[in-house]
Structure formats: structure tokens, C-alpha cells
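Comments concern the structure below.
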Amino acid sequence: MDDNELTEPPERPSLDPEDWPAFRARAHRMLDAALDHAQGASQGPVWTAVPAAVKAALASPVPMEAEGTDRACADLLAQVLPYGTGNTHPRFFGWVHGAGAPGGIIAEAMAAAMNSNLGGRDHGANYVEHQVIDWVKKLFGFPDSASGLVVSGTSMATIIALSAARYAKAGYDVRRDGIRSDRARLVGYASSEAHSCIARAFDMLGLGMDALRKVPVDSHFRMNMAALKAAIAEDLAAGLQPFVVIGSPATVNTGAIDDLDAIADICHANDLWFHVDGAFGAVAALSEKLKARFRGIERADSLALDFHKWMHVPYDAGFVLVRSEDAHRNAFSLRPEYLTAQPRGLAAGNPWFCEYGPELSRGFRALKVWFHIKEHGIRRIAEKVEDNCRQAAYLGDLVSRHPDLELAVPVSLNICCFRFVAPDLPGPALDRLNADIVMDLQEGGIAAPSTTKIAGQLMIRVNITNHRTRLADMDILVDEVVRLGRVYGGWIVTR
Ligand SMILES: Cc1ncc(COP(=O)(O)O)c(C=O)c1O
């Protein structure tokens with residue numbers, strides 16, 4: 001470098017606003033827009049498809065030159081804000097989405113202002129995450145010695161939990177050696193109704209998806225305990241190495257609740273790791289009225305759950321809780337020289353969060369969780385869970401009493417699967433009709449259920465994890481399904 005290159009070019013300020021008052025005024029207007037959006041969450045269509053012009057605008061090339069705050073804000077308001085998933089609306093019933101709560105706007109803004117990295121070190125944000133971890137331990141009856149981590153969601157929590165299980169149960173140093181072909185194959189068990197993120201974790205951990213045995217379910221879609229015992233015995237007899245059983249406090253298709261206590265007994269008897277996929281079901285266990293149905297959750301070796309589903313913390317925020325802090329940290333800790341711990345200063349605060357998962361850089365997700373729980377309290381959050389279960393039962397009742405509708409399976413928690421039936425239509429046509437009803441409901445902005453297949457038949461699947469939903473929304477849904485079904489059914493039959 002010559003001397004000129006070592007002097008600071010005056011025309012290169014930082015990325016901070018050059019005109020702070022103007023930036024502040026603009027930011028206040030944007031905050032108002034965010035609040036208006038949140039306040040109007042129950043109004044308007046549930047979902048609006050992204051117009052072609054907006055898609056084209058969002059396919060424009062990367063700006064090499066500054067477009068400026070005003071332009072970025074204008075584009076955000078025009079191209080992004082109006083086209084959400086729809087899950088803030090009370091009649092969003094698809095998949096398992098939380099509705100979010102406006103307090104998240106405050107927490108997310110503060111987290112951005114602090115721009116903390118929670119991979120490690122000793123700073124205030126970490127103490128917030130530690131408090132969230134302590135709260136979750138208490139809420140689910142885990143010992144103080146347990147460990148936890150705020151993560152993106154249950155999919156990531158499952159990968160972390162099953163890594164810990166694999167490391168603890170393999171019987172050799174699986175981190176150093178990888179999966180050894182000269183050792184018995186590690187196999188695990190979940191019900192045939194368990195979420196696909198478990199098979200994905202088996203895949204990503206090098207275990208192979210076939211190593212996840214899909215245990216048959218009973219008539220209520222719960223894991224069949226006799227079948228679980230038989231599968232373990234069969235694998236042991238074949239020289240394989242069972243290491244984990246995964247229980248679901250609520251399955252994604254129907255909300256079926258596995259017998260967690262019985263699974264814990266079987267794990268205990270066979271020295272297996274007991275993991276619970278509590279994505280949304282675990283939150284129902286926080287309700288005094290419902291918690292008896294989830295007995296056994298407190299016996300898990302690990303628990304995955306989401307704050308962004310039934311707790312309504314804005315996306316994304318999930319959690320992994322591991323009974324043995326040792327097993328958890330041993331599965332992930334890796335501290336090269338430049339990450340060496342120090343007894344004081346910024347490099348203190350050991351162990352670091354990066355020792356409990358695969359991420360070194362970690363954002364301040366914990367803040368919105370902490371803020372949300374402080375703002376609303378667990379009791380109120382749990383009451384909203386109870387409301388949703390009441391709404392699902394009410395919908396199940398409406399469906400059962402309607403001659404044009406058929407309930408797929410009794411409502412067990414917050415999910416109701418049903419379909420419109422037209423006696424003259426053959427199965428495939430009925431499947432198409434119900435799929436069309438769902439797409440029409442979505443495109444019309446009336447409601448947004450999703451579809452699933454139960455016993456080979458396509459069903460309208462209504463999942464209610466939404467604190468804005470009211471009983472009246474069930475009436476609107478049923479009326480519209482029947483109206484559309486009759487239009488389509490009549491049209492198909494007379495064609
Ligand atoms: C039972 C269950 N497990 C796991 C997941 C995956 O959770 P996430 O989408 O937060 O990764 C879901 C998502 O709906 C779920 O319902």
C-alpha cells in the first residue's frame with residue numbers, strides 16, 4: 001500500500017444515517033405501519049396471493065448503489081407487508097402456525113438495536129437467554145441441572161436433541177469416528193404419525209431415514225405400545241442397536257397424544273433415550289386443565305418445542321431442553337484457540353451457548369420469548385390454548401351434526417379433520433372436490449385451512465393455534481365449506 005491508501009477517504013462515512021432526524025421520523029412512520037398492520041390483523045382477507053408485478057419487482061437485480069432509506073421503506077410497504085402468510089388472521093387454520101403478538105415488534109426492534117451475538121462471551125443478552133432456559137426447565141418439570149438452547153424451531157431442536165442422544169448412546173466416539181459400519185446399526189422409533197422433521201434429523205445425522213422405525217398407531221392415531229415393544233425386541237434380535245424413542249404430545253395430522261408415560265417406562269426398561277417432539281403439544285401441557293393428558297413429558301431426556309406456534313412469539317423461535325447438560329454439551333462443544341474461555345472480561349461467561357448446538361453466531365431470539373412471557377404470563381397463554389381446544393371441539397360438533405359433512409376422527413385437541421361428502425361422487429372426485437374447496441377458501445381470503453390424507457382420503461384439516469380465533473369463525477368456516485361443496489358437488493354430478 002502507498003501512503004495515500006492508508007489515509008481515510010473522507011467520502012466514506014459509516015452505514016449510519018447521515019440525517020438522523022429524518023431517519024428517526026421515517027422509522028417512527030414505519031413503526032406506525034407495523035402497528036397498524038398488527039392492529040388490523042383480524043380484518044380483511046386471510047391471505048392475498050402475491051401479484052405478478054410484485055413478484056417481478058422482487059426478482060430485480062441486486063442494487064450496487066444505494067437506493068436510500070425512503071426507497072427501501074416504500075418498497076417494503078408496497079411489496080412485502082401486504083403479502084404475509086395470513087397466520088396473523090383469526091381464520092388461518094393451515095398446518096401449525098402461530099398468530100404472533102404485537103409485543104414482538106418491540107422486542108425485535110430492540111434486538112436489532114443491540115445486535116448481540118449470543119454464540120458466547122459475557123454480555124447482558126446471554127443472561128436473558130439463561131433466564132428463558134431456567135423458566136422452560138421449571139415449566140416442564142426438568143431439573144435445574146438440565147440445559148437448553150433457544151433455536152429456530154422444532155426441526156433444529158430435534159437435530160440437536162437426537163445428536164445428543166446419538167452421542168450418549170452410541171457406545172463409541174461418534175463425533176470423532178462418524179457412524180461406524182463395524183458397529184451395530186443405531187435405530188430409533190416414532191409413531192407412523194410423527195412429524196417428518198424426525199426422519200430428516202435421522203437423515204442429517206447420518207443414521208439413515210430407514211433407521212427410524214415407524215411404529216403403527218391405534219384407532220386414535222396414538223403410538224401402539226405393544227407394537228413399539230415388539231419392534232424394539234425384533235431389532236435387538238436382529239443385532240441392531242435401539243437408542244431412542246420419540247413421543248408426540250400432539251401429532252401434526254390429527255393432534256393425537258401419545259402415551260408419554262408408557263413410552264418413558266419402555267425407554268427406562270431398555271436404556272433408551274426418550275425424546276419428546278413437543279412442537280405445539282408441549283405448550284398444551286402448560287394448561288392446568290389439560291396437563292394430566294401429557295403426563296410423562298417431565299421424564300423425557302430431551303424435549304423440542306416451539307415458542308412460535310402455540311405461544312405466539314413471532315417467528316422464528318423454538319427450544320431444545322436436555323435433561324443431561326453433560327450429554328448435551330459433549331455432543332457439540334468445540335472450542336478452538338481463538339474461542340478460548342477466560343476467567344474474566346468479555347471472553348468469560350462459560351460455558352458458551354455455541355457449545356450446545358451447531359451455530360457459532362446466534363441472534364437474540366431469546367429477547368422476544370422473554371418479553372412475550374413477561375408481557376402475557378404463562379396462565380394467559382395457556383388459557384388461549386384451552387380456547388382453541390374448545391373451538392376445535394365446537395367445530396367437530398358442527399361437522400358431526402351436518403348431513404353434508406363427515407368427521408375423519410374425533411377431535412382430541414386443537415385439530416379437526418373433516419370433509420364435504422356428496423353421496424354420488426366416487427372417492428377420487430370427492431378428494432378433488434375437497435381440495436378445491438380448500439383452495440377456494442384460501443384464494444377467496446375467507447379462511448385458510450390446509451389438507452391432509454387420513455386413511456387414504458383427502459380431508460380438510462383445521463388446526464387452531466390462534467389467539468384471535470373466535471367460535472363464530474367456526475360457523476363461518478362450516479357455512480362456506482358447505483356452500484362451496486354444494487356448488488362444486490352439484491356441478492360435478494350434473495356435468
Ligand atoms: C408435531 C410437529 N413437530 C415438528 C414440527 C416442526 O417444527 P418447526 O416447523 O418449528 O421446525 C412441527 C411443525 O408443524 C410439528 O407440528
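Ligands are numbered from 1 in the order shown, residues from 1 within each chain, and chains are lettered A, B, ... in the order they appear in the C-alpha cells.
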Using DSSP on the backbone, list every residue of range 126-200 of chain A that comes out as alpha helix (DSSP H), and give them as a PyMOL selection string.
chain A and resi 126-139+154-169+174-177+196-200
At a cut-off of 6 Å, can you tabulate as JSON lines every residue of range 264-284 of chain A near range 298-312 of chain A together with its closest atom pair and the distance in Å to one decimal, using only C-alpha atoms and ordering rows by chain then number?
{"residue": "A:Phe274", "atom": "CA", "partner": "A:Ala300", "partner_atom": "CA", "distance": 5.2}
{"residue": "A:His275", "atom": "CA", "partner": "A:Ser302", "partner_atom": "CA", "distance": 4.8}
{"residue": "A:Val276", "atom": "CA", "partner": "A:Leu303", "partner_atom": "CA", "distance": 4.8}
{"residue": "A:Asp277", "atom": "CA", "partner": "A:Ala304", "partner_atom": "CA", "distance": 5.2}
{"residue": "A:Gly278", "atom": "CA", "partner": "A:Leu305", "partner_atom": "CA", "distance": 4.7}
{"residue": "A:Ala279", "atom": "CA", "partner": "A:Leu305", "partner_atom": "CA", "distance": 3.9}
{"residue": "A:Phe280", "atom": "CA", "partner": "A:Trp310", "partner_atom": "CA", "distance": 5.7}
From the set A:Leu407, A:Ala317, A:Ala472, A:Ile160, which residue has the shortest atom-to-atom contact distance to ligand 1, counting only C-alpha atoms and all ligand atoms?
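Using only C-alpha atoms and all ligand atoms, the shortest distance to ligand 1 belongs to A:Ala317.
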Can you pull out every residue with an atom within 10 Å of ligand 1? Use only C-alpha atoms and all ligand atoms and format it as a VMD selection string.
chain A and resid 94 to 98 151 to 158 193 to 198 247 to 256 276 to 282 304 to 309 315 to 319 463
Output N, CA and C atoms for every residue in the selection just made, as a tab-separated table (two decimals), in the first residue's frame.
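After the write, again.tsv holds the following:
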chain	number	residue	atom	x	y	z
A	94	GLY	N	-54.30	-23.31	8.67
A	94	GLY	CA	-53.47	-24.26	7.93
A	94	GLY	C	-52.28	-24.76	8.75
A	95	TRP	N	-51.83	-25.97	8.44
A	95	TRP	CA	-50.62	-26.54	9.01
A	95	TRP	C	-50.59	-26.30	10.54
A	96	VAL	N	-49.45	-25.86	11.11
A	96	VAL	CA	-49.48	-25.45	12.53
A	96	VAL	C	-48.71	-24.14	12.62
A	97	HIS	N	-49.44	-23.03	12.52
A	97	HIS	CA	-48.80	-21.72	12.56
A	97	HIS	C	-49.28	-20.95	13.77
A	98	GLY	N	-48.37	-20.26	14.44
A	98	GLY	CA	-48.77	-19.35	15.50
A	98	GLY	C	-49.24	-18.03	14.89
A	151	VAL	N	-33.62	-21.94	19.75
A	151	VAL	CA	-33.23	-22.27	18.37
A	151	VAL	C	-34.30	-21.74	17.40
A	152	SER	N	-34.11	-22.04	16.11
A	152	SER	CA	-35.05	-21.51	15.12
A	152	SER	C	-36.42	-22.17	15.22
A	153	GLY	N	-36.45	-23.45	15.55
A	153	GLY	CA	-37.73	-24.14	15.61
A	153	GLY	C	-37.52	-25.60	15.99
A	154	THR	N	-38.61	-26.35	15.99
A	154	THR	CA	-38.53	-27.74	16.43
A	154	THR	C	-37.67	-28.59	15.50
A	155	SER	N	-37.63	-28.27	14.22
A	155	SER	CA	-36.77	-29.07	13.33
A	155	SER	C	-35.32	-29.01	13.80
A	156	MET	N	-34.84	-27.81	14.11
A	156	MET	CA	-33.46	-27.67	14.59
A	156	MET	C	-33.32	-28.27	15.99
A	157	ALA	N	-34.31	-28.07	16.83
A	157	ALA	CA	-34.26	-28.63	18.18
A	157	ALA	C	-34.16	-30.16	18.12
A	158	THR	N	-34.84	-30.75	17.16
A	158	THR	CA	-34.83	-32.21	17.02
A	158	THR	C	-33.44	-32.70	16.60
A	193	GLU	N	-47.35	-41.51	12.71
A	193	GLU	CA	-47.94	-40.17	12.61
A	193	GLU	C	-46.96	-39.08	13.03
A	194	ALA	N	-45.74	-39.47	13.42
A	194	ALA	CA	-44.78	-38.47	13.91
A	194	ALA	C	-44.36	-37.53	12.79
A	195	HIS	N	-43.89	-36.36	13.16
A	195	HIS	CA	-43.56	-35.32	12.18
A	195	HIS	C	-42.33	-35.68	11.36
A	196	SER	N	-42.32	-35.22	10.12
A	196	SER	CA	-41.22	-35.56	9.20
A	196	SER	C	-39.87	-34.98	9.63
A	197	CYS	N	-39.88	-34.00	10.54
A	197	CYS	CA	-38.59	-33.43	10.97
A	197	CYS	C	-37.75	-34.49	11.70
A	198	ILE	N	-38.39	-35.55	12.19
A	198	ILE	CA	-37.63	-36.59	12.90
A	198	ILE	C	-36.86	-37.44	11.89
A	247	GLY	N	-41.65	-39.58	21.32
A	247	GLY	CA	-43.09	-39.50	21.59
A	247	GLY	C	-43.63	-38.15	21.14
A	248	SER	N	-44.90	-38.13	20.77
A	248	SER	CA	-45.53	-36.87	20.33
A	248	SER	C	-46.67	-36.51	21.27
A	249	PRO	N	-46.57	-35.37	21.95
A	249	PRO	CA	-47.70	-34.91	22.77
A	249	PRO	C	-48.84	-34.37	21.93
A	250	ALA	N	-48.59	-34.19	20.65
A	250	ALA	CA	-49.66	-33.84	19.71
A	250	ALA	C	-49.10	-34.09	18.32
A	251	THR	N	-49.75	-34.97	17.56
A	251	THR	CA	-49.25	-35.22	16.21
A	251	THR	C	-49.80	-34.17	15.26
A	252	VAL	N	-49.05	-33.97	14.19
A	252	VAL	CA	-49.37	-32.85	13.30
A	252	VAL	C	-50.65	-33.09	12.51
A	253	ASN	N	-50.95	-34.35	12.18
A	253	ASN	CA	-52.12	-34.63	11.35
A	253	ASN	C	-53.42	-34.44	12.11
A	254	THR	N	-53.49	-35.03	13.30
A	254	THR	CA	-54.78	-35.08	13.99
A	254	THR	C	-54.74	-34.57	15.43
A	255	GLY	N	-53.55	-34.23	15.93
A	255	GLY	CA	-53.45	-33.79	17.33
A	255	GLY	C	-53.53	-34.95	18.30
A	256	ALA	N	-53.21	-36.16	17.84
A	256	ALA	CA	-53.24	-37.33	18.74
A	256	ALA	C	-52.14	-37.21	19.78
A	276	VAL	N	-39.08	-36.11	23.28
A	276	VAL	CA	-40.46	-35.69	23.05
A	276	VAL	C	-40.49	-34.58	22.00
A	277	ASP	N	-41.27	-34.80	20.94
A	277	ASP	CA	-41.47	-33.77	19.92
A	277	ASP	C	-42.67	-32.93	20.34
A	278	GLY	N	-42.37	-31.92	21.14
A	278	GLY	CA	-43.45	-31.11	21.70
A	278	GLY	C	-43.73	-29.84	20.92
A	279	ALA	N	-43.44	-29.83	19.64
A	279	ALA	CA	-43.54	-28.61	18.81
A	279	ALA	C	-44.69	-27.71	19.27
A	280	PHE	N	-45.92	-28.24	19.22
A	280	PHE	CA	-47.01	-27.43	19.75
A	280	PHE	C	-47.68	-28.11	20.95
A	281	GLY	N	-47.62	-29.45	20.99
A	281	GLY	CA	-48.29	-30.17	22.07
A	281	GLY	C	-47.75	-29.84	23.44
A	282	ALA	N	-46.44	-29.59	23.53
A	282	ALA	CA	-45.86	-29.31	24.84
A	282	ALA	C	-46.51	-28.08	25.48
A	304	ALA	N	-38.27	-31.05	22.48
A	304	ALA	CA	-38.22	-29.99	21.47
A	304	ALA	C	-39.58	-29.29	21.48
A	305	LEU	N	-39.56	-27.97	21.40
A	305	LEU	CA	-40.85	-27.25	21.35
A	305	LEU	C	-40.68	-25.92	20.64
A	306	ASP	N	-41.81	-25.36	20.29
A	306	ASP	CA	-41.80	-24.06	19.60
A	306	ASP	C	-42.47	-22.99	20.43
A	307	PHE	N	-41.82	-21.84	20.48
A	307	PHE	CA	-42.50	-20.65	21.02
A	307	PHE	C	-43.33	-19.99	19.92
A	308	HIS	N	-42.95	-20.24	18.66
A	308	HIS	CA	-43.63	-19.51	17.57
A	308	HIS	C	-44.96	-20.15	17.15
A	309	LYS	N	-45.29	-21.30	17.72
A	309	LYS	CA	-46.58	-21.90	17.36
A	309	LYS	C	-47.63	-21.50	18.40
A	315	TYR	N	-42.32	-15.50	14.60
A	315	TYR	CA	-41.31	-16.39	14.01
A	315	TYR	C	-39.95	-15.71	13.98
A	316	ASP	N	-38.84	-16.50	14.08
A	316	ASP	CA	-38.89	-17.88	14.47
A	316	ASP	C	-38.29	-18.04	15.86
A	317	ALA	N	-38.81	-19.00	16.62
A	317	ALA	CA	-38.31	-19.23	17.97
A	317	ALA	C	-38.76	-20.60	18.46
A	318	GLY	N	-37.81	-21.49	18.60
A	318	GLY	CA	-38.07	-22.81	19.16
A	318	GLY	C	-37.10	-23.07	20.30
A	319	PHE	N	-37.14	-24.28	20.82
A	319	PHE	CA	-36.33	-24.55	22.02
A	319	PHE	C	-35.99	-26.03	22.11
A	463	ASN	N	-56.43	-26.65	11.85
A	463	ASN	CA	-55.60	-26.59	13.06
A	463	ASN	C	-55.81	-25.21	13.68
Taking only C-alpha atoms into account, produce a table as JSON lines in which each residue of range 22-141 of chain A with an atom at most 10 Å from an atom of range 371-383 of chain A appears once, together with its shortest atom pair and the distance in Å to one decimal, ordered by chain and rising number.
{"residue": "A:Gly100", "atom": "CA", "partner": "A:His372", "partner_atom": "CA", "distance": 9.9}
{"residue": "A:Ala101", "atom": "CA", "partner": "A:His372", "partner_atom": "CA", "distance": 8.1}
{"residue": "A:Pro102", "atom": "CA", "partner": "A:His372", "partner_atom": "CA", "distance": 9.3}
{"residue": "A:Gly103", "atom": "CA", "partner": "A:His372", "partner_atom": "CA", "distance": 6.6}
{"residue": "A:Gly104", "atom": "CA", "partner": "A:His372", "partner_atom": "CA", "distance": 7.0}
{"residue": "A:Ile106", "atom": "CA", "partner": "A:Phe371", "partner_atom": "CA", "distance": 8.8}
{"residue": "A:Ala107", "atom": "CA", "partner": "A:Phe371", "partner_atom": "CA", "distance": 6.6}
{"residue": "A:Glu108", "atom": "CA", "partner": "A:Phe371", "partner_atom": "CA", "distance": 9.8}
{"residue": "A:Val128", "atom": "CA", "partner": "A:Phe371", "partner_atom": "CA", "distance": 9.6}
{"residue": "A:Val132", "atom": "CA", "partner": "A:Ile373", "partner_atom": "CA", "distance": 9.0}
{"residue": "A:Trp135", "atom": "CA", "partner": "A:Ile373", "partner_atom": "CA", "distance": 9.6}
{"residue": "A:Leu139", "atom": "CA", "partner": "A:Ile378", "partner_atom": "CA", "distance": 9.1}
Pull the closest atom pair for each residue of range 262-306 of chain A that gets at most 12 Å from range 387-406 of chain A, along with the distance in Å to one decimal, counting only C-alpha atoms, ordering rows by chain and then ascending residue number, as a Markdown table.
| residue | atom | partner | partner_atom | distance |
| --- | --- | --- | --- | --- |
| A:Gly281 | CA | A:Cys389 | CA | 11.6 |
| A:Ala284 | CA | A:Cys389 | CA | 9.3 |
| A:Ser287 | CA | A:Asp387 | CA | 10.8 |
| A:Lys289 | CA | A:Cys389 | CA | 11.0 |
| A:Leu290 | CA | A:Cys389 | CA | 9.7 |
Restrict the selected residues to N, CA and C atoms and save them as a short mmCIF file (atom, residue, chain, number, x, y, z; two decimals), in the first residue's frame.
data_model
loop_
_atom_site.label_atom_id
_atom_site.label_comp_id
_atom_site.auth_asym_id
_atom_site.auth_seq_id
_atom_site.Cartn_x
_atom_site.Cartn_y
_atom_site.Cartn_z
N GLY A 281 -47.62 -29.45 20.99
CA GLY A 281 -48.29 -30.17 22.07
C GLY A 281 -47.75 -29.84 23.44
N ALA A 284 -49.56 -27.17 25.30
CA ALA A 284 -50.85 -27.53 25.90
C ALA A 284 -50.65 -28.09 27.31
N SER A 287 -51.31 -25.91 30.41
CA SER A 287 -52.66 -25.61 30.89
C SER A 287 -53.00 -26.53 32.06
N LYS A 289 -55.84 -27.32 33.04
CA LYS A 289 -56.96 -28.19 32.66
C LYS A 289 -56.50 -29.37 31.81
N LEU A 290 -55.46 -29.16 31.01
CA LEU A 290 -55.07 -30.18 30.03
C LEU A 290 -53.88 -31.01 30.46
#
Determine which residues of range 45-248 of chain A DSSP labels as strand (DSSP E or B) from the backbone of this structure, then write them out as a ChimeraX atom specification.
/A:92,147-151,186-191,212-215,217,223,241-247
Among listed residues A:Ala184, A:Val62, A:Val283, A:Ala164, nearest Ala237 in chain A (using only C-alpha atoms):
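Result for the nearest residue to Ala237 in chain A: A:Ala184.
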